[in-house]
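Beneath this line is the structure, given in C-alpha coordinates, with notes to follow.
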Amino acid sequence: MAGSDVDSEGPAPRGGQARRPGPPGGLDSEAAASCPEPLSTAEAPAALPAWMRLYFYGMHGVALDVLVSSARRFARSPDPRMLGFSSPYRCLLHSLTHFALEKLYLQRPRCPSVFVFNFLLYPSAHVGLQTLAGQALLLGLGRGPGGAAAPGALDLALQYVLALYHGQVFLKRFLCLRYRRPRQQPRRGALPAPPGARTPAMTGGRRRRPRGSRGSGGGVPSQGLPDLLRFLFFGMHGFLDEIFFTFFFNVLGQGDGATSGHTSLWSFFMYGSCSFVVEKLYFHLHYSRGWGTWKRVPIYVIFIYAWELSWGLGLRTCGACSWDYSHYPLNFMGLITLMYLPGWIFLSLYQDLLSNVLWRVQYVPTK
(Lines give C-alpha, C1' and ligand atoms only; values in the text may rest on other atoms or scores of the structure.)
Protein backbone atom coordinates (compact mmCIF):
# COMPACT_ATOMS: atom_id res chain seq x y z
CA MET A 1 0.00 0.00 0.00
CA ALA A 2 1.40 3.36 -0.94
CA GLY A 3 2.02 6.05 1.65
CA SER A 4 -0.07 9.15 2.00
CA ASP A 5 2.68 11.71 1.67
CA VAL A 6 2.85 11.65 -2.11
CA ASP A 7 1.82 14.74 -3.98
CA SER A 8 -1.50 14.35 -5.75
CA GLU A 9 -3.09 15.75 -8.80
CA GLY A 10 -6.40 15.34 -10.54
CA PRO A 11 -7.03 12.29 -12.66
CA ALA A 12 -5.86 12.63 -16.21
CA PRO A 13 -8.66 13.31 -18.66
CA ARG A 14 -9.64 10.21 -20.67
CA GLY A 15 -11.08 10.03 -22.90
CA GLY A 16 -26.29 -20.48 -13.25
CA GLN A 17 -24.78 -23.18 -15.42
CA ALA A 18 -25.42 -22.98 -19.11
CA ARG A 19 -28.37 -25.10 -20.21
CA ARG A 20 -27.25 -25.35 -23.83
CA PRO A 21 -24.24 -24.31 -25.87
CA GLY A 22 -24.54 -20.95 -27.50
CA PRO A 23 -24.14 -17.26 -26.78
CA PRO A 24 -25.43 -16.86 -23.19
CA GLY A 25 -25.27 -13.66 -21.23
CA GLY A 26 -26.37 -11.48 -24.14
CA LEU A 27 -23.43 -12.27 -26.48
CA ASP A 28 -24.48 -12.58 -30.10
CA SER A 29 -23.65 -15.29 -32.59
CA GLU A 30 -20.64 -13.40 -33.97
CA ALA A 31 -18.93 -13.41 -30.59
CA ALA A 32 -19.86 -17.05 -29.95
CA ALA A 33 -18.60 -18.11 -33.37
CA SER A 34 -15.16 -16.74 -32.59
CA CYS A 35 -14.68 -19.43 -29.90
CA PRO A 36 -14.75 -23.21 -30.40
CA GLU A 37 -17.67 -25.24 -29.10
CA PRO A 38 -17.36 -26.85 -25.67
CA LEU A 39 -16.98 -30.60 -25.38
CA SER A 40 -20.48 -31.35 -24.14
CA THR A 41 -23.76 -29.65 -23.36
CA ALA A 42 -23.48 -30.51 -19.68
CA GLU A 43 -20.06 -28.88 -19.51
CA ALA A 44 -20.93 -25.82 -21.64
CA PRO A 45 -19.32 -22.70 -20.13
CA ALA A 46 -21.33 -19.50 -20.11
CA ALA A 47 -20.25 -15.99 -20.94
CA LEU A 48 -18.96 -14.02 -17.98
CA PRO A 49 -21.79 -12.82 -15.74
CA ALA A 50 -22.69 -9.16 -16.02
CA TRP A 51 -21.28 -8.32 -12.58
CA MET A 52 -17.96 -9.91 -13.51
CA ARG A 53 -17.74 -7.99 -16.79
CA LEU A 54 -18.47 -4.74 -14.95
CA TYR A 55 -15.72 -5.63 -12.47
CA PHE A 56 -13.20 -6.30 -15.23
CA TYR A 57 -14.15 -3.16 -17.17
CA GLY A 58 -13.75 -0.93 -14.13
CA MET A 59 -10.40 -2.45 -13.20
CA HIS A 60 -9.13 -2.28 -16.79
CA GLY A 61 -10.23 1.34 -17.10
CA VAL A 62 -8.40 2.28 -13.90
CA ALA A 63 -5.26 0.60 -15.23
CA LEU A 64 -5.46 2.70 -18.41
CA ASP A 65 -6.01 5.84 -16.32
CA VAL A 66 -2.85 5.09 -14.36
CA LEU A 67 -0.79 4.39 -17.49
CA VAL A 68 -1.93 7.55 -19.30
CA SER A 69 -1.62 9.89 -16.32
CA SER A 70 1.77 8.44 -15.41
CA ALA A 71 3.07 8.97 -18.94
CA ARG A 72 1.80 12.56 -19.01
CA ARG A 73 3.28 13.34 -15.61
CA PHE A 74 6.61 11.78 -16.55
CA ALA A 75 6.70 13.77 -19.80
CA ARG A 76 6.29 17.03 -17.86
CA SER A 77 8.69 16.15 -15.05
CA PRO A 78 10.62 12.85 -15.18
CA ASP A 79 10.14 11.00 -11.90
CA PRO A 80 11.38 7.42 -11.41
CA ARG A 81 8.45 6.75 -9.07
CA MET A 82 6.18 6.74 -12.16
CA LEU A 83 3.08 7.93 -10.31
CA GLY A 84 -0.34 7.58 -11.92
CA PHE A 85 -3.83 8.67 -10.85
CA SER A 86 -7.44 7.55 -10.98
CA SER A 87 -10.42 7.36 -8.59
CA PRO A 88 -13.39 5.21 -7.59
CA TYR A 89 -15.61 7.63 -9.53
CA ARG A 90 -13.70 6.92 -12.72
CA CYS A 91 -13.78 3.19 -11.99
CA LEU A 92 -17.58 3.29 -11.87
CA LEU A 93 -17.77 5.34 -15.07
CA HIS A 94 -15.44 2.91 -16.86
CA SER A 95 -17.62 -0.01 -15.79
CA LEU A 96 -20.81 1.57 -17.10
CA THR A 97 -19.46 3.12 -20.31
CA HIS A 98 -17.55 0.04 -21.42
CA PHE A 99 -20.51 -2.19 -20.61
CA ALA A 100 -22.58 -0.01 -22.95
CA LEU A 101 -19.83 -0.04 -25.59
CA GLU A 102 -19.77 -3.84 -25.41
CA LYS A 103 -23.41 -3.87 -26.54
CA LEU A 104 -22.47 -1.70 -29.51
CA TYR A 105 -19.46 -3.88 -30.33
CA LEU A 106 -21.66 -6.97 -30.51
CA GLN A 107 -23.72 -5.28 -33.25
CA ARG A 108 -20.69 -5.27 -35.56
CA PRO A 109 -22.01 -8.04 -37.89
CA ARG A 110 -24.97 -5.82 -38.76
CA CYS A 111 -22.77 -3.07 -40.16
CA PRO A 112 -22.29 -3.41 -43.96
CA SER A 113 -18.67 -2.24 -43.77
CA VAL A 114 -16.24 -3.71 -41.25
CA PHE A 115 -13.81 -0.87 -41.90
CA VAL A 116 -16.43 1.80 -41.19
CA PHE A 117 -17.41 0.08 -37.95
CA ASN A 118 -13.86 -0.54 -36.70
CA PHE A 119 -12.34 2.82 -37.58
CA LEU A 120 -15.24 5.25 -37.58
CA LEU A 121 -18.46 4.12 -35.89
CA TYR A 122 -17.10 2.36 -32.81
CA PRO A 123 -14.25 4.84 -32.14
CA SER A 124 -16.66 7.76 -32.51
CA ALA A 125 -19.07 6.24 -30.00
CA HIS A 126 -16.17 5.43 -27.67
CA VAL A 127 -14.70 8.93 -27.81
CA GLY A 128 -18.10 10.61 -27.45
CA LEU A 129 -19.19 8.48 -24.52
CA GLN A 130 -15.88 8.83 -22.69
CA THR A 131 -15.87 12.58 -23.24
CA LEU A 132 -19.42 12.96 -21.92
CA ALA A 133 -18.58 10.78 -18.93
CA GLY A 134 -15.50 12.87 -18.18
CA GLN A 135 -17.45 16.12 -18.40
CA ALA A 136 -20.22 14.70 -16.17
CA LEU A 137 -17.61 13.65 -13.63
CA LEU A 138 -16.08 17.11 -13.49
CA LEU A 139 -19.49 18.70 -13.04
CA GLY A 140 -20.47 16.12 -10.43
CA LEU A 141 -17.34 16.93 -8.41
CA GLY A 142 -18.48 20.54 -8.16
CA ARG A 143 -15.99 22.14 -10.51
CA GLY A 144 -18.77 23.93 -12.35
CA PRO A 145 -19.15 24.53 -16.08
CA GLY A 146 -16.01 26.63 -16.15
CA GLY A 147 -13.89 23.74 -14.90
CA ALA A 148 -15.27 21.31 -17.46
CA ALA A 149 -13.28 22.59 -20.42
CA ALA A 150 -13.71 20.86 -23.75
CA PRO A 151 -10.96 18.34 -24.51
CA GLY A 152 -8.22 19.48 -26.84
CA ALA A 153 -7.08 17.88 -30.08
CA LEU A 154 -4.38 15.85 -28.31
CA ASP A 155 -6.92 14.46 -25.83
CA LEU A 156 -9.29 13.48 -28.63
CA ALA A 157 -6.45 11.81 -30.55
CA LEU A 158 -5.48 9.86 -27.45
CA GLN A 159 -9.08 8.80 -26.91
CA TYR A 160 -9.25 7.62 -30.53
CA VAL A 161 -6.13 5.47 -30.06
CA LEU A 162 -7.59 4.01 -26.86
CA ALA A 163 -10.85 3.30 -28.73
CA LEU A 164 -8.93 1.37 -31.41
CA TYR A 165 -7.12 -0.60 -28.73
CA HIS A 166 -10.37 -1.34 -26.90
CA GLY A 167 -12.21 -2.50 -30.02
CA GLN A 168 -9.41 -4.23 -31.92
CA VAL A 169 -7.37 -5.76 -29.10
CA PHE A 170 -9.10 -5.86 -25.73
CA LEU A 171 -12.69 -6.80 -26.55
CA LYS A 172 -11.70 -9.40 -29.15
CA ARG A 173 -9.93 -11.35 -26.42
CA PHE A 174 -12.05 -10.41 -23.44
CA LEU A 175 -15.23 -11.76 -25.04
CA CYS A 176 -13.55 -15.15 -25.41
CA LEU A 177 -13.51 -15.57 -21.63
CA ARG A 178 -16.02 -18.13 -20.43
CA TYR A 179 -17.26 -18.89 -16.92
CA ARG A 180 -17.97 -22.44 -15.80
CA ARG A 181 -20.45 -22.58 -12.95
CA PRO A 182 -20.40 -25.41 -10.41
CA ARG A 183 -22.47 -28.36 -11.61
CA GLN A 184 -23.89 -29.01 -8.16
CA GLN A 185 -24.01 -27.37 -4.79
CA PRO A 186 -21.34 -28.66 -2.40
CA ARG A 187 -22.38 -30.35 0.78
CA ARG A 188 -22.81 -28.17 3.83
CA GLY A 189 -19.43 -27.47 5.36
CA ALA A 190 -17.50 -28.60 2.28
CA LEU A 191 -15.14 -26.17 0.55
CA PRO A 192 -15.54 -25.81 -3.24
CA ALA A 193 -12.64 -27.00 -5.37
CA PRO A 194 -11.60 -25.17 -8.54
CA PRO A 195 -12.79 -26.62 -11.84
CA GLY A 196 -10.56 -29.42 -13.02
CA ALA A 197 -9.95 -30.66 -9.49
CA ARG A 198 -11.23 -34.09 -8.51
CA THR A 199 -13.90 -34.55 -5.88
CA PRO A 200 -12.31 -33.20 -2.70
CA ALA A 201 -12.27 -36.54 -0.89
CA MET A 202 -10.27 -36.38 2.27
CA THR A 203 -7.31 -38.72 2.17
CA GLY A 204 -5.02 -38.54 5.13
CA GLY A 205 -6.46 -35.12 5.99
CA ARG A 206 -5.55 -33.60 2.62
CA ARG A 207 -7.66 -32.25 -0.21
CA ARG A 208 -6.88 -32.95 -3.82
CA ARG A 209 -5.14 -30.00 -5.44
CA PRO A 210 -6.47 -28.55 -8.72
CA ARG A 211 -5.11 -29.85 -11.97
CA GLY A 212 -2.49 -27.88 -13.86
CA SER A 213 -2.90 -26.02 -17.10
CA ARG A 214 -2.52 -29.21 -19.18
CA GLY A 215 -6.03 -30.31 -18.34
CA SER A 216 -7.77 -32.75 -16.08
CA GLY A 217 -9.10 -36.24 -16.27
CA GLY A 218 -12.33 -37.38 -17.79
CA GLY A 219 -11.87 -35.41 -21.01
CA VAL A 220 -12.62 -32.08 -19.33
CA PRO A 221 -10.65 -29.23 -20.97
CA SER A 222 -8.06 -27.33 -18.96
CA GLN A 223 -9.52 -24.83 -16.54
CA GLY A 224 -8.54 -21.44 -15.26
CA LEU A 225 -6.83 -18.53 -16.92
CA PRO A 226 -3.31 -19.05 -18.31
CA ASP A 227 -0.52 -17.88 -16.04
CA LEU A 228 0.20 -14.76 -18.11
CA LEU A 229 -3.42 -13.60 -17.96
CA ARG A 230 -3.52 -14.30 -14.23
CA PHE A 231 -0.42 -12.15 -13.76
CA LEU A 232 -1.99 -9.33 -15.78
CA PHE A 233 -5.18 -9.61 -13.75
CA PHE A 234 -3.34 -9.42 -10.43
CA GLY A 235 -1.22 -6.50 -11.63
CA MET A 236 -4.28 -4.49 -12.66
CA HIS A 237 -6.00 -5.44 -9.44
CA GLY A 238 -3.00 -4.05 -7.57
CA PHE A 239 -3.61 -0.71 -9.29
CA LEU A 240 -7.27 -0.89 -8.27
CA ASP A 241 -6.40 -1.68 -4.64
CA GLU A 242 -3.96 1.21 -4.29
CA ILE A 243 -6.21 3.71 -6.06
CA PHE A 244 -9.09 2.90 -3.71
CA PHE A 245 -6.88 2.80 -0.62
CA THR A 246 -5.09 6.10 -1.26
CA PHE A 247 -8.35 7.79 -2.31
CA PHE A 248 -10.16 6.90 0.91
CA PHE A 249 -7.01 7.56 2.95
CA ASN A 250 -6.84 11.08 1.53
CA VAL A 251 -10.55 11.73 1.99
CA LEU A 252 -10.94 10.27 5.47
CA GLY A 253 -7.48 10.93 6.84
CA GLN A 254 -6.74 14.39 5.51
CA GLY A 255 -10.22 15.66 4.74
CA ASP A 256 -8.83 17.87 1.98
CA GLY A 257 -11.50 17.06 -0.59
CA ALA A 258 -9.17 14.90 -2.68
CA THR A 259 -10.83 13.53 -5.80
CA SER A 260 -8.24 10.94 -6.85
CA GLY A 261 -6.01 8.20 -5.55
CA HIS A 262 -2.48 7.46 -6.70
CA THR A 263 -0.27 4.47 -7.38
CA SER A 264 2.99 3.70 -9.16
CA LEU A 265 3.63 1.77 -12.35
CA TRP A 266 6.04 -0.36 -10.32
CA SER A 267 3.05 -1.52 -8.28
CA PHE A 268 1.82 -3.48 -11.29
CA PHE A 269 4.84 -5.77 -11.19
CA MET A 270 5.02 -5.84 -7.40
CA TYR A 271 1.36 -6.76 -6.87
CA GLY A 272 1.18 -9.00 -9.93
CA SER A 273 4.12 -11.16 -8.88
CA CYS A 274 3.18 -11.18 -5.18
CA SER A 275 -0.45 -12.22 -5.78
CA PHE A 276 0.67 -14.82 -8.31
CA VAL A 277 2.89 -16.49 -5.68
CA VAL A 278 0.31 -16.15 -2.90
CA GLU A 279 -2.21 -17.90 -5.13
CA LYS A 280 0.22 -20.80 -5.61
CA LEU A 281 0.63 -20.94 -1.83
CA TYR A 282 -3.16 -21.03 -1.43
CA PHE A 283 -3.63 -23.97 -3.79
CA HIS A 284 -0.74 -25.90 -2.25
CA LEU A 285 -1.56 -25.26 1.41
CA HIS A 286 -5.32 -25.63 1.03
CA TYR A 287 -5.70 -28.50 -1.44
CA SER A 288 -2.48 -30.45 -0.84
CA ARG A 289 -2.00 -29.96 2.89
CA GLY A 290 -5.57 -29.22 3.95
CA TRP A 291 -4.62 -26.14 5.97
CA GLY A 292 -7.47 -23.97 7.21
CA THR A 293 -7.80 -20.25 6.56
CA TRP A 294 -6.24 -18.97 9.76
CA LYS A 295 -3.35 -21.39 9.42
CA ARG A 296 -2.58 -20.10 5.92
CA VAL A 297 -2.99 -16.36 6.56
CA PRO A 298 0.21 -15.98 8.66
CA ILE A 299 2.19 -17.53 5.77
CA TYR A 300 0.60 -15.07 3.36
CA VAL A 301 1.33 -12.07 5.57
CA ILE A 302 4.96 -13.04 6.19
CA PHE A 303 5.52 -13.44 2.46
CA ILE A 304 3.78 -10.14 1.65
CA TYR A 305 5.90 -8.20 4.13
CA ALA A 306 9.09 -9.83 2.83
CA TRP A 307 8.03 -9.02 -0.75
CA GLU A 308 7.22 -5.39 0.07
CA LEU A 309 10.51 -4.97 1.90
CA SER A 310 12.51 -6.48 -0.95
CA TRP A 311 10.84 -4.33 -3.58
CA GLY A 312 11.16 -1.25 -1.39
CA LEU A 313 14.90 -1.78 -0.93
CA GLY A 314 15.38 -2.26 -4.66
CA LEU A 315 13.30 0.75 -5.69
CA ARG A 316 14.80 2.99 -3.03
CA THR A 317 18.31 2.48 -4.45
CA CYS A 318 17.21 4.16 -7.69
CA GLY A 319 14.88 6.74 -6.13
CA ALA A 320 11.77 5.01 -7.44
CA CYS A 321 10.13 3.97 -4.17
CA SER A 322 6.69 5.60 -3.95
CA TRP A 323 5.99 4.93 -0.26
CA ASP A 324 7.61 5.91 3.03
CA TYR A 325 6.29 4.77 6.39
CA SER A 326 8.96 6.50 8.50
CA HIS A 327 6.34 8.64 10.23
CA TYR A 328 4.26 5.58 11.18
CA PRO A 329 4.76 3.61 14.41
CA LEU A 330 5.90 -0.01 14.18
CA ASN A 331 7.74 0.55 10.91
CA PHE A 332 10.98 -1.01 9.69
CA MET A 333 13.27 1.14 7.56
CA GLY A 334 10.21 3.12 6.50
CA LEU A 335 9.34 0.34 4.03
CA ILE A 336 6.95 -1.85 6.01
CA THR A 337 4.71 -1.14 8.98
CA LEU A 338 2.46 -3.23 11.21
CA MET A 339 -0.13 -0.45 10.96
CA TYR A 340 -1.21 -2.00 7.66
CA LEU A 341 -1.45 -5.55 9.04
CA PRO A 342 -5.32 -5.56 9.06
CA GLY A 343 -5.30 -4.44 5.44
CA TRP A 344 -2.93 -7.20 4.36
CA ILE A 345 -5.00 -9.81 6.22
CA PHE A 346 -8.16 -8.59 4.46
CA LEU A 347 -6.47 -8.64 1.04
CA SER A 348 -5.12 -12.15 1.73
CA LEU A 349 -8.62 -13.44 2.46
CA TYR A 350 -10.02 -11.63 -0.57
CA GLN A 351 -7.26 -13.12 -2.72
CA ASP A 352 -8.49 -16.64 -1.86
CA LEU A 353 -11.97 -15.69 -3.08
CA LEU A 354 -10.56 -14.22 -6.29
CA SER A 355 -8.48 -17.33 -6.93
CA ASN A 356 -11.53 -19.58 -6.67
CA VAL A 357 -13.39 -17.35 -9.14
CA LEU A 358 -10.47 -17.19 -11.59
CA TRP A 359 -10.23 -20.97 -11.64
CA ARG A 360 -13.74 -20.99 -13.11
CA VAL A 361 -12.84 -18.48 -15.83
CA GLN A 362 -11.58 -20.11 -19.01
CA TYR A 363 -9.93 -18.41 -21.96
CA VAL A 364 -11.06 -20.04 -25.20
CA PRO A 365 -8.81 -18.63 -27.94
CA THR A 366 -10.21 -17.68 -31.31
CA LYS A 367 -9.97 -20.07 -34.22
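Identifiers for the C-alpha coordinates are assigned positionally: chains receive A, B, ... in sequence, residues are indexed from 1 per chain, and ligands are indexed from 1 in the order shown.
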Output as a PyMOL selection string all residues of segment 82-190 of chain A that backbone DSSP marks as alpha helix (DSSP H).
chain A and resi 88-105+114-116+122-140+144-147+153-165+171-174
Taking 3 positions as the minimum chain separation for residues in the same chain, which residues sit within 12 Å of Leu54 of chain A when counting only C-alpha atoms? Answer as a list of chain:residue names.
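Surrounding residues, per the criterion: A:Leu48, A:Pro49, A:Ala50, A:Trp51, A:Tyr57, A:Gly58, A:Met59, A:His60, A:Gly61, A:Cys91, A:Leu92, A:Leu93, A:His94, A:Ser95, A:Leu96, A:Thr97, A:His98, A:Phe99, A:Ala100, A:Leu101, A:Glu102.
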Val127 of chain A surroundings by only C-alpha atoms, 8 Å radius, close-in-sequence under 3 positions cut, as a VMD selection string:
chain A and resid 15 123 to 124 130 to 131 156 159 to 160 163
If I take atom CA of Leu171 of chain A and atom CA of Leu229 of chain A, how far is one from the other in Å, to one decimal?
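Calculated distance between atom CA of Leu171 of chain A and atom CA of Leu229 of chain A is 14.4 Å.
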For Leu67 of chain A, please output as a list in words all residues within 9 Å (counting only C-alpha atoms; exclusion window: fewer than 6 positions along the same chain).
Leu83, Gly84, Phe85 and Leu265 of chain A
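Considering the residues A:Phe115, A:Phe234, A:Phe268, A:Phe249 and counting only C-alpha atoms, Gln351 of chain A has its shortest atom-to-atom contact with A:Phe234.
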Selected residue, from A:Pro109, A:Pro88, A:Gly272, A:Gly167, that lies nearest to His126 of chain A when counting only C-alpha atoms:
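Counting only C-alpha atoms, the residue closest to His126 of chain A is A:Gly167.
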Which is closer to Leu309 of chain A than all the others in A:Thr293, A:Ser275, A:Ser326, A:Thr337, using only C-alpha atoms?
A:Thr337
Can you build me a table of segment 48-158 of chain A residues sitting at most 9 Å from segment 311-319 of chain A, with the closest atom pair per residue and its distance in Å to one decimal, using only C-alpha atoms, sorted by chain and residue number, as a Markdown table?
```
| residue | atom | partner | partner_atom | distance |
| --- | --- | --- | --- | --- |
| A:Asp79 | CA | A:Gly319 | CA | 8.6 |
| A:Pro80 | CA | A:Gly319 | CA | 6.4 |
| A:Arg81 | CA | A:Gly319 | CA | 7.1 |
```
Here atom CA of Val297 of chain A and atom CA of Cys274 of chain A stand apart by 14.2 Å
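One distance worth recording is that between atom CA of Leu225 of chain A and atom CA of Tyr55 of chain A, which is 16.3 Å.
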Contact residues around Glu308 of chain A with only C-alpha atoms at 8 Å, ignoring same-chain residues under 4 positions, as a PyMOL selection string
chain A and resi 270+304+312+335-336
